[in-house]
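target.cif follows (mmCIF, C-alpha atoms):
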```
data_target
loop_
_atom_site.group_PDB
_atom_site.id
_atom_site.type_symbol
_atom_site.label_atom_id
_atom_site.label_comp_id
_atom_site.auth_asym_id
_atom_site.auth_seq_id
_atom_site.Cartn_x
_atom_site.Cartn_y
_atom_site.Cartn_z
ATOM 1 C CA MET Z 899 0.000 0.000 0.000
ATOM 2 C CA LYS Z 900 1.119 3.534 -0.734
ATOM 3 C CA VAL Z 901 1.155 5.785 2.279
ATOM 4 C CA ARG Z 902 1.912 9.468 2.050
ATOM 5 C CA ILE Z 903 3.486 11.395 4.897
ATOM 6 C CA PHE Z 904 3.211 15.170 4.835
ATOM 7 C CA VAL Z 905 5.819 16.843 7.001
ATOM 8 C CA THR Z 906 5.249 20.524 7.747
ATOM 9 C CA LEU Z 907 6.759 23.071 10.085
ATOM 10 C CA LYS Z 908 4.751 23.693 13.236
ATOM 11 C CA ASP Z 909 2.733 26.872 13.502
ATOM 12 C CA GLY Z 910 4.868 29.602 14.942
ATOM 13 C CA VAL Z 911 8.093 28.155 13.549
ATOM 14 C CA LEU Z 912 9.573 30.583 11.053
ATOM 15 C CA ASP Z 913 9.717 29.087 7.561
ATOM 16 C CA PRO Z 914 12.470 30.864 5.592
ATOM 17 C CA GLN Z 915 11.813 28.781 2.470
ATOM 18 C CA GLY Z 916 8.106 29.579 2.543
ATOM 19 C CA LYS Z 917 8.955 33.260 2.937
ATOM 20 C CA ALA Z 918 11.290 33.171 -0.052
ATOM 21 C CA ILE Z 919 8.664 31.415 -2.184
ATOM 22 C CA HIS Z 920 6.080 33.980 -1.099
ATOM 23 C CA HIS Z 921 8.423 36.773 -2.049
ATOM 24 C CA ALA Z 922 9.130 35.146 -5.437
ATOM 25 C CA LEU Z 923 5.410 34.785 -6.174
ATOM 26 C CA GLU Z 924 4.909 38.454 -5.417
ATOM 27 C CA SER Z 925 7.799 39.417 -7.629
ATOM 28 C CA LEU Z 926 6.064 37.461 -10.433
ATOM 29 C CA ASP Z 927 3.083 39.784 -9.867
ATOM 30 C CA PHE Z 928 0.763 37.173 -8.361
ATOM 31 C CA SER Z 929 -1.492 38.973 -5.959
ATOM 32 C CA GLY Z 930 -3.631 37.678 -3.109
ATOM 33 C CA VAL Z 931 -1.034 35.281 -1.714
ATOM 34 C CA ASN Z 932 -1.369 35.705 2.040
ATOM 35 C CA ASP Z 933 1.203 33.228 3.261
ATOM 36 C CA VAL Z 934 3.332 30.310 2.051
ATOM 37 C CA ARG Z 935 4.562 27.370 4.114
ATOM 38 C CA ALA Z 936 6.856 24.777 2.513
ATOM 39 C CA GLY Z 937 7.004 21.161 3.639
ATOM 40 C CA LYS Z 938 7.898 17.668 2.488
ATOM 41 C CA LEU Z 939 5.989 14.767 1.041
ATOM 42 C CA ILE Z 940 7.378 11.313 1.755
ATOM 43 C CA GLU Z 941 5.793 8.350 -0.032
ATOM 44 C CA LEU Z 942 6.135 4.927 1.537
ATOM 45 C CA ASP Z 943 5.307 1.672 -0.193
ATOM 46 C CA LEU Z 944 4.368 -0.599 2.702
ATOM 47 C CA ASP Z 945 3.094 -4.104 3.264
ATOM 48 C CA PRO Z 946 -0.610 -3.909 4.090
ATOM 49 C CA SER Z 947 0.227 -5.541 7.419
ATOM 50 C CA VAL Z 948 2.027 -2.406 8.642
ATOM 51 C CA SER Z 949 -0.182 -0.680 11.195
ATOM 52 C CA ARG Z 950 -0.859 3.017 11.500
ATOM 53 C CA GLU Z 951 0.776 2.876 14.906
ATOM 54 C CA GLU Z 952 3.946 1.541 13.277
ATOM 55 C CA ILE Z 953 3.878 4.358 10.715
ATOM 56 C CA GLU Z 954 3.516 6.900 13.506
ATOM 57 C CA LYS Z 955 6.608 5.396 15.114
ATOM 58 C CA MET Z 956 8.491 5.820 11.825
ATOM 59 C CA CYS Z 957 7.477 9.470 11.793
ATOM 60 C CA ASP Z 958 8.421 10.079 15.410
ATOM 61 C CA LYS Z 959 11.746 8.273 15.181
ATOM 62 C CA LEU Z 960 12.991 9.504 11.829
ATOM 63 C CA LEU Z 961 10.711 11.050 9.233
ATOM 64 C CA ALA Z 962 9.819 14.175 11.206
ATOM 65 C CA ASN Z 963 11.694 16.150 13.829
ATOM 66 C CA THR Z 964 8.837 16.795 16.229
ATOM 67 C CA VAL Z 965 10.714 19.655 17.877
ATOM 68 C CA ILE Z 966 9.914 21.742 14.808
ATOM 69 C CA GLU Z 967 7.687 19.650 12.545
ATOM 70 C CA ASN Z 968 4.208 18.125 12.439
ATOM 71 C CA TYR Z 969 3.243 15.215 10.258
ATOM 72 C CA ASP Z 970 0.047 13.966 8.644
ATOM 73 C CA ILE Z 971 -0.353 10.387 7.502
ATOM 74 C CA GLU Z 972 -2.496 9.735 4.451
ATOM 75 C CA MET Z 973 -3.557 6.090 4.294
ATOM 76 C CA PRO Z 974 -4.931 4.576 1.049
ATOM 77 C CA GLU Z 975 -8.550 4.634 2.315
ATOM 78 C CA ALA Z 976 -8.538 8.411 2.221
ATOM 79 C CA ALA Z 977 -10.196 10.004 -0.772
ATOM 80 C CA PRO Z 978 -7.664 11.074 -3.403
ATOM 81 C CA GLY Z 979 -6.328 14.552 -3.001
ATOM 82 C CA THR Z 980 -7.222 14.966 0.640
ATOM 83 C CA VAL Z 981 -4.905 15.233 3.569
ATOM 84 C CA SER Z 982 -5.913 13.350 6.671
ATOM 85 C CA MET E 288 43.979 11.913 26.932
ATOM 86 C CA GLN E 289 42.270 9.592 24.453
ATOM 87 C CA SER E 290 40.084 11.214 21.843
ATOM 88 C CA ALA E 291 38.098 10.134 18.805
ATOM 89 C CA VAL E 292 36.634 11.869 15.791
ATOM 90 C CA ILE E 293 33.525 10.287 14.289
ATOM 91 C CA VAL E 294 33.632 10.252 10.491
ATOM 92 C CA PHE E 295 30.439 10.098 8.414
ATOM 93 C CA PRO E 296 30.126 9.993 4.643
ATOM 94 C CA GLY E 297 30.061 13.707 3.854
ATOM 95 C CA SER E 298 31.992 14.874 6.928
ATOM 96 C CA ASN E 299 34.506 17.466 5.751
ATOM 97 C CA CYS E 300 35.968 18.949 8.927
ATOM 98 C CA ASP E 301 37.057 15.636 10.436
ATOM 99 C CA ARG E 302 40.718 16.149 9.559
ATOM 100 C CA ASP E 303 40.751 19.749 10.813
ATOM 101 C CA MET E 304 39.248 18.479 14.047
ATOM 102 C CA ALA E 305 41.891 15.734 14.277
ATOM 103 C CA VAL E 306 44.673 18.286 13.735
ATOM 104 C CA ALA E 307 43.252 20.530 16.472
ATOM 105 C CA LEU E 308 42.963 17.637 18.943
ATOM 106 C CA GLU E 309 46.459 16.410 18.176
ATOM 107 C CA THR E 310 48.023 19.874 18.240
ATOM 108 C CA VAL E 311 46.719 20.570 21.714
ATOM 109 C CA SER E 312 46.859 17.114 23.326
ATOM 110 C CA GLY E 313 49.945 15.767 21.555
ATOM 111 C CA GLN E 314 48.089 12.554 20.821
ATOM 112 C CA LYS E 315 46.534 11.434 17.573
ATOM 113 C CA PRO E 316 42.786 10.889 17.902
ATOM 114 C CA HIS E 317 41.141 7.669 16.752
ATOM 115 C CA MET E 318 39.199 8.197 13.539
ATOM 116 C CA VAL E 319 36.002 6.178 13.948
ATOM 117 C CA TRP E 320 33.819 5.299 10.966
ATOM 118 C CA HIS E 321 30.047 5.776 11.255
ATOM 119 C CA GLY E 322 29.362 2.140 10.370
ATOM 120 C CA ASP E 323 31.285 0.822 13.391
ATOM 121 C CA SER E 324 29.161 -0.205 16.301
ATOM 122 C CA GLU E 325 31.847 0.115 18.972
ATOM 123 C CA LEU E 326 34.074 2.931 20.149
ATOM 124 C CA PRO E 327 37.721 2.399 21.118
ATOM 125 C CA ALA E 328 38.024 1.722 24.855
ATOM 126 C CA GLY E 329 39.008 4.432 27.314
ATOM 127 C CA LEU E 330 37.969 7.545 25.405
ATOM 128 C CA ASP E 331 37.923 10.857 27.253
ATOM 129 C CA VAL E 332 36.713 13.020 24.376
ATOM 130 C CA ILE E 333 34.568 12.354 21.302
ATOM 131 C CA ALA E 334 34.341 14.994 18.583
ATOM 132 C CA ILE E 335 31.552 15.045 16.028
ATOM 133 C CA PRO E 336 32.871 17.175 13.179
ATOM 134 C CA GLY E 337 31.339 19.532 10.657
ATOM 135 C CA GLY E 338 30.327 18.706 7.130
ATOM 136 C CA PHE E 339 27.300 17.446 5.306
ATOM 137 C CA SER E 340 26.818 13.933 6.640
ATOM 138 C CA TYR E 341 24.715 11.825 4.265
ATOM 139 C CA GLY E 342 24.302 14.862 2.033
ATOM 140 C CA ASP E 343 21.979 16.472 4.608
ATOM 141 C CA TYR E 344 19.269 14.101 3.353
ATOM 142 C CA LEU E 345 15.903 14.424 5.110
ATOM 143 C CA ARG E 346 17.265 17.022 7.579
ATOM 144 C CA SER E 347 20.799 18.085 8.494
ATOM 145 C CA GLY E 348 22.116 15.440 10.879
ATOM 146 C CA ALA E 349 19.006 13.253 10.670
ATOM 147 C CA MET E 350 20.584 10.227 9.009
ATOM 148 C CA ALA E 351 23.861 10.471 10.939
ATOM 149 C CA SER E 352 21.999 10.528 14.246
ATOM 150 C CA ARG E 353 20.520 7.115 13.394
ATOM 151 C CA SER E 354 23.778 5.509 12.236
ATOM 152 C CA ASN E 355 25.446 2.534 13.987
ATOM 153 C CA ILE E 356 28.047 4.493 15.893
ATOM 154 C CA ILE E 357 25.558 6.845 17.529
ATOM 155 C CA LYS E 358 24.291 4.320 20.044
ATOM 156 C CA PRO E 359 27.711 3.887 21.694
ATOM 157 C CA VAL E 360 28.229 7.663 21.467
ATOM 158 C CA ILE E 361 25.000 8.234 23.425
ATOM 159 C CA GLU E 362 26.053 5.599 25.960
ATOM 160 C CA ALA E 363 29.439 7.311 26.299
ATOM 161 C CA ALA E 364 27.736 10.697 26.780
ATOM 162 C CA ASN E 365 25.582 9.216 29.530
ATOM 163 C CA ARG E 366 28.738 7.866 31.215
ATOM 164 C CA GLY E 367 30.191 11.375 31.267
ATOM 165 C CA VAL E 368 32.577 11.182 28.305
ATOM 166 C CA LYS E 369 33.059 14.692 26.909
ATOM 167 C CA ILE E 370 31.354 15.225 23.567
ATOM 168 C CA LEU E 371 32.071 18.185 21.277
ATOM 169 C CA GLY E 372 29.781 18.651 18.271
ATOM 170 C CA VAL E 373 30.713 21.378 15.798
ATOM 171 C CA CYS E 374 28.402 22.615 13.031
ATOM 172 C CA ASN E 375 26.992 19.407 11.500
ATOM 173 C CA GLY E 376 28.079 17.799 14.785
ATOM 174 C CA PHE E 377 25.777 20.210 16.667
ATOM 175 C CA GLN E 378 22.935 19.365 14.275
ATOM 176 C CA ILE E 379 23.563 15.658 14.905
ATOM 177 C CA LEU E 380 23.557 16.149 18.697
ATOM 178 C CA THR E 381 20.156 17.860 18.581
ATOM 179 C CA GLU E 382 18.801 15.124 16.302
ATOM 180 C CA THR E 383 19.941 12.448 18.787
ATOM 181 C CA GLY E 384 18.262 14.320 21.638
ATOM 182 C CA LEU E 385 21.530 14.728 23.573
ATOM 183 C CA LEU E 386 20.958 18.462 23.205
ATOM 184 C CA PRO E 387 17.571 20.214 23.044
ATOM 185 C CA GLY E 388 16.203 22.278 20.154
ATOM 186 C CA ALA E 389 16.800 22.052 16.424
ATOM 187 C CA LEU E 390 18.902 23.810 13.794
ATOM 188 C CA MET E 391 16.826 25.165 10.976
ATOM 189 C CA ARG E 392 17.572 26.867 7.667
ATOM 190 C CA ASN E 393 19.195 30.294 8.206
ATOM 191 C CA SER E 394 16.468 32.910 8.388
ATOM 192 C CA ASN E 395 17.779 34.749 5.322
ATOM 193 C CA ILE E 396 18.174 31.365 3.516
ATOM 194 C CA HIS E 397 21.751 32.189 2.560
ATOM 195 C CA PHE E 398 24.728 30.002 3.352
ATOM 196 C CA VAL E 399 26.753 32.095 5.775
ATOM 197 C CA CYS E 400 30.531 31.758 5.642
ATOM 198 C CA LYS E 401 32.523 34.358 7.583
ATOM 199 C CA ASP E 402 34.164 35.218 10.865
ATOM 200 C CA ALA E 403 31.612 35.583 13.628
ATOM 201 C CA GLU E 404 32.065 37.524 16.833
ATOM 202 C CA LEU E 405 30.901 35.591 19.854
ATOM 203 C CA ASP E 406 30.374 36.228 23.511
ATOM 204 C CA VAL E 407 31.435 33.370 25.748
ATOM 205 C CA VAL E 408 28.374 33.511 27.973
ATOM 206 C CA ASN E 409 29.386 30.691 30.285
ATOM 207 C CA THR E 410 33.072 30.259 31.095
ATOM 208 C CA ASP E 411 32.314 27.833 33.895
ATOM 209 C CA THR E 412 32.334 24.703 31.701
ATOM 210 C CA ILE E 413 34.950 22.077 30.893
ATOM 211 C CA PHE E 414 34.976 23.457 27.337
ATOM 212 C CA THR E 415 35.312 27.169 28.067
ATOM 213 C CA SER E 416 37.205 27.561 31.341
ATOM 214 C CA GLY E 417 40.116 29.067 29.405
ATOM 215 C CA TYR E 418 38.055 32.013 28.132
ATOM 216 C CA ASP E 419 37.370 35.382 29.686
ATOM 217 C CA SER E 420 33.654 36.196 29.695
ATOM 218 C CA ASN E 421 34.381 39.878 29.136
ATOM 219 C CA ALA E 422 36.395 39.319 25.973
ATOM 220 C CA PRO E 423 34.480 38.571 22.783
ATOM 221 C CA ILE E 424 36.105 36.026 20.488
ATOM 222 C CA THR E 425 36.167 35.594 16.723
ATOM 223 C CA ILE E 426 35.514 32.138 15.279
ATOM 224 C CA PRO E 427 34.624 31.245 11.673
ATOM 225 C CA VAL E 428 31.141 30.006 10.784
ATOM 226 C CA ALA E 429 30.138 28.168 7.590
ATOM 227 C CA HIS E 430 26.596 26.841 7.554
ATOM 228 C CA HIS E 431 23.214 26.840 5.895
ATOM 229 C CA ASP E 432 21.236 25.375 8.793
ATOM 230 C CA GLY E 433 22.449 27.233 11.850
ATOM 231 C CA ASN E 434 19.236 28.880 12.943
ATOM 232 C CA PHE E 435 18.775 27.511 16.460
ATOM 233 C CA PHE E 436 15.165 26.970 17.396
ATOM 234 C CA ALA E 437 13.542 25.813 20.618
ATOM 235 C CA ASP E 438 10.232 26.690 22.267
ATOM 236 C CA ASP E 439 10.201 29.518 24.811
ATOM 237 C CA GLU E 440 10.037 27.164 27.765
ATOM 238 C CA THR E 441 13.185 25.344 26.598
ATOM 239 C CA LEU E 442 14.959 28.642 25.861
ATOM 240 C CA ASP E 443 14.118 29.953 29.343
ATOM 241 C CA ARG E 444 15.383 26.736 30.876
ATOM 242 C CA LEU E 445 18.635 26.931 28.879
ATOM 243 C CA GLU E 446 19.059 30.496 30.019
ATOM 244 C CA ASN E 447 18.243 29.877 33.691
ATOM 245 C CA GLN E 448 20.522 26.857 33.903
ATOM 246 C CA ASN E 449 23.430 28.650 32.198
ATOM 247 C CA GLN E 450 23.366 26.174 29.329
ATOM 248 C CA ILE E 451 23.857 28.856 26.700
ATOM 249 C CA VAL E 452 27.621 28.872 26.202
ATOM 250 C CA PHE E 453 28.163 30.999 23.082
ATOM 251 C CA ARG E 454 26.073 33.809 21.624
ATOM 252 C CA TYR E 455 26.548 35.668 18.336
ATOM 253 C CA ARG E 456 27.187 39.352 18.970
ATOM 254 C CA ASN E 457 25.192 40.091 15.781
ATOM 255 C CA ASP E 458 22.302 38.156 14.313
ATOM 256 C CA ILE E 459 23.798 36.160 11.434
ATOM 257 C CA ASN E 460 21.273 33.346 10.971
ATOM 258 C CA GLY E 461 18.106 34.070 12.919
ATOM 259 C CA SER E 462 18.983 31.885 15.918
ATOM 260 C CA SER E 463 16.664 32.252 18.900
ATOM 261 C CA ARG E 464 18.278 34.599 21.434
ATOM 262 C CA ASN E 465 21.421 34.657 19.238
ATOM 263 C CA ILE E 466 22.422 31.201 20.450
ATOM 264 C CA ALA E 467 25.618 29.870 18.846
ATOM 265 C CA GLY E 468 26.353 27.025 21.247
ATOM 266 C CA ILE E 469 24.740 25.170 24.156
ATOM 267 C CA ILE E 470 25.729 22.569 26.702
ATOM 268 C CA ASN E 471 23.679 19.750 28.228
ATOM 269 C CA GLU E 472 22.532 19.805 31.837
ATOM 270 C CA ALA E 473 25.288 17.441 32.966
ATOM 271 C CA GLY E 474 27.895 19.741 31.391
ATOM 272 C CA ASN E 475 29.712 17.150 29.266
ATOM 273 C CA VAL E 476 28.067 17.628 25.853
ATOM 274 C CA LEU E 477 28.658 20.867 23.923
ATOM 275 C CA GLY E 478 27.209 21.725 20.530
ATOM 276 C CA MET E 479 28.192 24.850 18.613
ATOM 277 C CA MET E 480 27.808 26.109 15.057
ATOM 278 C CA PRO E 481 31.086 28.110 14.840
ATOM 279 C CA HIS E 482 34.265 26.162 14.040
ATOM 280 C CA PRO E 483 36.893 26.476 16.810
ATOM 281 C CA GLU E 484 39.111 23.953 14.968
ATOM 282 C CA ARG E 485 39.478 26.518 12.186
ATOM 283 C CA ALA E 486 40.998 29.071 14.563
ATOM 284 C CA ILE E 487 43.907 27.417 16.325
ATOM 285 C CA ASP E 488 46.845 28.708 14.320
ATOM 286 C CA LYS E 489 47.962 32.221 13.373
ATOM 287 C CA LYS E 490 47.951 31.048 9.766
ATOM 288 C CA HIS E 491 44.210 30.480 10.114
ATOM 289 C CA GLY E 492 43.833 34.197 10.701
ATOM 290 C CA GLY E 493 43.101 33.792 14.399
ATOM 291 C CA THR E 494 43.635 31.562 17.392
ATOM 292 C CA ASP E 495 40.489 32.164 19.426
ATOM 293 C CA GLY E 496 39.499 28.499 19.095
ATOM 294 C CA LEU E 497 42.605 27.309 20.889
ATOM 295 C CA ALA E 498 41.328 27.972 24.423
ATOM 296 C CA LEU E 499 38.403 25.613 23.825
ATOM 297 C CA PHE E 500 40.707 22.710 23.033
ATOM 298 C CA GLU E 501 43.049 23.680 25.864
ATOM 299 C CA SER E 502 40.137 23.770 28.322
ATOM 300 C CA LEU E 503 38.807 20.455 27.043
ATOM 301 C CA LEU E 504 42.098 18.583 26.841
ATOM 302 C CA GLY E 505 44.038 20.283 29.615
#
```
This entry written out as structure tokens:
Amino acid sequence: MKVRIFVTLKDGVLDPQGKAIHHALESLDFSGVNDVRAGKLIELDLDPSVSREEIEKMCDKLLANTVIENYDIEMPEAAPGTVS
Amino acid sequence: MQSAVIVFPGSNCDRDMAVALETVSGQKPHMVWHGDSELPAGLDVIAIPGGFSYGDYLRSGAMASRSNIIKPVIEAANRGVKILGVCNGFQILTETGLLPGALMRNSNIHFVCKDAELDVVNTDTIFTSGYDSNAPITIPVAHHDGNFFADDETLDRLENQNQIVFRYRNDINGSSRNIAGIINEAGNVLGMMPHPERAIDKKHGGTDGLALFESLLG
């Protein structure tokens, strides 16, 4: 099964990359962009036997640094294009 | 005085660190490869050098902090062996949890490579006893991810327990409270972004890093 992990910076943590992207969008004359936050998408191809609990452990131990980052796990049941 | 330098794929200050340790202690350090799962016996000091271990994949220091050698390094730290992490070494120490906080992308997103003026905020440590707290020092920095972040509660605790050891005199990377280096509660693990091993010889342009190695190895 394909599982997608979205890793994002916690609220309140300054995101220099997001700021730079925001600035670049403005310099391309796109208006109405209020804020930009950049993150990571990690796709895992897992045996169906792997539990959500196990995936959370993977996130806590390696995939995200929970001092500064949050993660969302998107399991295959979720409707396409949505973030759990 | 037995010392070791941990070498990861992508470390690039390991030899400078070895030269600094040998120059001051008179003894060659052991160079220990990341894939080893044991440290040489009887170490007094372990240095985790600068560089770009594992190409900074995932996060700076993330992969290195899960490599084989880290488990014995953590055990050594808990036994009281002195650990010095410089630049990527500091990032690795935060990723292992031996030091609190995290090192994020510099706030201006530029790689910063220059001499930085530092205040030695705490001279009452085994790493900094040779410094004078009233005399700022100049040590080179070279990093992209040196922006120290921790929540306010952690920052207050670091401050109240005198765990902030070095502060930038000017904001060069967005670090919370201008933090350039911190020490653990037990006082045997120091992480810092500036490179003291690049300032031990007049030919380097300065020798302000020397006192750190003299304090540590003396």
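CA of Asn968 (chain Z) lies 21.2 Å from CA of Asn932 (chain Z).
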(request) Please return, as JSON, numbers by chain, all residues of chain E lying within 9 Å of chain Z when only C-alpha atoms are considered. (result) {"E": [345, 346, 349, 350, 353, 382, 387, 388, 389, 391, 392, 393, 394, 395, 396, 436, 437, 438]}
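What separates CA of Pro946 (chain Z) from CA of Val901 (chain Z) is a distance of 10.0 Å.
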The PyMOL selection byres ((chain E and resi 359-365) around 12) on the file shown: which residues, as a JSON list (two decimals) with C-alpha atoms, in the coordinates of the input?
```
[["chain", "number", "residue", "atom", "x", "y", "z"],
["E", 291, "ALA", "CA", 38.10, 10.13, 18.80],
["E", 292, "VAL", "CA", 36.63, 11.87, 15.79],
["E", 293, "ILE", "CA", 33.52, 10.29, 14.29],
["E", 319, "VAL", "CA", 36.00, 6.18, 13.95],
["E", 321, "HIS", "CA", 30.05, 5.78, 11.26],
["E", 322, "GLY", "CA", 29.36, 2.14, 10.37],
["E", 323, "ASP", "CA", 31.28, 0.82, 13.39],
["E", 324, "SER", "CA", 29.16, -0.20, 16.30],
["E", 325, "GLU", "CA", 31.85, 0.12, 18.97],
["E", 326, "LEU", "CA", 34.07, 2.93, 20.15],
["E", 327, "PRO", "CA", 37.72, 2.40, 21.12],
["E", 328, "ALA", "CA", 38.02, 1.72, 24.86],
["E", 329, "GLY", "CA", 39.01, 4.43, 27.31],
["E", 330, "LEU", "CA", 37.97, 7.54, 25.40],
["E", 331, "ASP", "CA", 37.92, 10.86, 27.25],
["E", 332, "VAL", "CA", 36.71, 13.02, 24.38],
["E", 333, "ILE", "CA", 34.57, 12.35, 21.30],
["E", 334, "ALA", "CA", 34.34, 14.99, 18.58],
["E", 335, "ILE", "CA", 31.55, 15.04, 16.03],
["E", 351, "ALA", "CA", 23.86, 10.47, 10.94],
["E", 352, "SER", "CA", 22.00, 10.53, 14.25],
["E", 353, "ARG", "CA", 20.52, 7.12, 13.39],
["E", 354, "SER", "CA", 23.78, 5.51, 12.24],
["E", 355, "ASN", "CA", 25.45, 2.53, 13.99],
["E", 356, "ILE", "CA", 28.05, 4.49, 15.89],
["E", 357, "ILE", "CA", 25.56, 6.84, 17.53],
["E", 358, "LYS", "CA", 24.29, 4.32, 20.04],
["E", 366, "ARG", "CA", 28.74, 7.87, 31.22],
["E", 367, "GLY", "CA", 30.19, 11.38, 31.27],
["E", 368, "VAL", "CA", 32.58, 11.18, 28.30],
["E", 369, "LYS", "CA", 33.06, 14.69, 26.91],
["E", 370, "ILE", "CA", 31.35, 15.22, 23.57],
["E", 371, "LEU", "CA", 32.07, 18.18, 21.28],
["E", 372, "GLY", "CA", 29.78, 18.65, 18.27],
["E", 379, "ILE", "CA", 23.56, 15.66, 14.90],
["E", 380, "LEU", "CA", 23.56, 16.15, 18.70],
["E", 381, "THR", "CA", 20.16, 17.86, 18.58],
["E", 382, "GLU", "CA", 18.80, 15.12, 16.30],
["E", 383, "THR", "CA", 19.94, 12.45, 18.79],
["E", 384, "GLY", "CA", 18.26, 14.32, 21.64],
["E", 385, "LEU", "CA", 21.53, 14.73, 23.57],
["E", 386, "LEU", "CA", 20.96, 18.46, 23.20],
["E", 471, "ASN", "CA", 23.68, 19.75, 28.23],
["E", 472, "GLU", "CA", 22.53, 19.80, 31.84],
["E", 473, "ALA", "CA", 25.29, 17.44, 32.97],
["E", 474, "GLY", "CA", 27.90, 19.74, 31.39],
["E", 475, "ASN", "CA", 29.71, 17.15, 29.27],
["E", 476, "VAL", "CA", 28.07, 17.63, 25.85],
["E", 477, "LEU", "CA", 28.66, 20.87, 23.92]]
```
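The coordinates place CA of Lys401 (chain E) at 26.1 Å from CA of His921 (chain Z).
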(request) Between Z:Glu967, Z:Thr906, Z:Glu952, Z:Gly916, single out the one closest to Gly937 (chain Z), counting all atoms listed in the file. (result) Z:Thr906
(message) Starting from the PyMOL selection byres ((chain E and resi 484) around 9), expand the selection into actual residues of this file and give them as number ranges by chain.
(response) E: 300, 303-308, 373, 426, 482-483, 485-487, 496-497, 500
For Val931 (chain Z), list every protein, DNA or RNA residue within 9 Å, evaluated using all atoms listed in the file, and leave out those in the same chain fewer than 4 positions away; present the list as a PDB file with C-alpha atoms, keeping the file's coordinate frame.
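Here's the written file out.pdb:
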```pdb
ATOM      1  CA  HIS Z 920       6.080  33.980  -1.099  1.00  0.00           C
ATOM      2  CA  LEU Z 923       5.410  34.785  -6.174  1.00  0.00           C
ATOM      3  CA  GLU Z 924       4.909  38.454  -5.417  1.00  0.00           C
TER       4      GLU Z 924
END
```
(request) Name every residue that the PyMOL selection byres ((chain Z and resi 953) around 12) selects in this structure, writing the answer as a ChimeraX atom specification with chains first and numbers rising. (result) /Z:900-903,940-952,954-962,969-973
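Nearest residue to Met899 (chain Z), choosing from Z:Ile919, Z:Pro974, Z:Gly930, Z:Ala936 and counting only C-alpha atoms: Z:Pro974.
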With all atoms of region 435-452 of chain E from the file as input, state the centre and edge lengths in Å to one decimal of the axis-aligned box that has 6 Å extra on each side, as lines of an AutoDock Vina configuration file.
```
center_x = 18.8
center_y = 27.9
center_z = 25.2
size_x = 29.6
size_y = 17.2
size_z = 29.4
```
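Nearest residue to Leu499 (chain E), choosing from E:Asp458, E:Glu440, E:Glu446, E:Asp419 and counting all atoms listed in the file: E:Asp419.
If you measure from each of E:Gly348, E:Gly493, E:Gly505, E:Gly478 to Ile424 (chain E) using all atoms listed in the file, the closest one turns out to be E:Gly493.
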(request) Would you list the contacts of Ser420 (chain E) as number ranges by chain, taking every protein, DNA or RNA residue within 10 Å and counting all atoms listed in the file, but skipping same-chain residues closer than 5 positions in sequence? (result) E: 406-411, 415
Provide region 923-936 of chain Z of the preceding structure as a file containing C-alpha atoms, as a JSON list (two decimals), in the first residue's frame.
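Just written: selection_35.json:
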```json
[["chain", "number", "residue", "atom", "x", "y", "z"],
["Z", 923, "LEU", "CA", 5.41, 34.78, -6.17],
["Z", 924, "GLU", "CA", 4.91, 38.45, -5.42],
["Z", 925, "SER", "CA", 7.80, 39.42, -7.63],
["Z", 926, "LEU", "CA", 6.06, 37.46, -10.43],
["Z", 927, "ASP", "CA", 3.08, 39.78, -9.87],
["Z", 928, "PHE", "CA", 0.76, 37.17, -8.36],
["Z", 929, "SER", "CA", -1.49, 38.97, -5.96],
["Z", 930, "GLY", "CA", -3.63, 37.68, -3.11],
["Z", 931, "VAL", "CA", -1.03, 35.28, -1.71],
["Z", 932, "ASN", "CA", -1.37, 35.70, 2.04],
["Z", 933, "ASP", "CA", 1.20, 33.23, 3.26],
["Z", 934, "VAL", "CA", 3.33, 30.31, 2.05],
["Z", 935, "ARG", "CA", 4.56, 27.37, 4.11],
["Z", 936, "ALA", "CA", 6.86, 24.78, 2.51]]
```
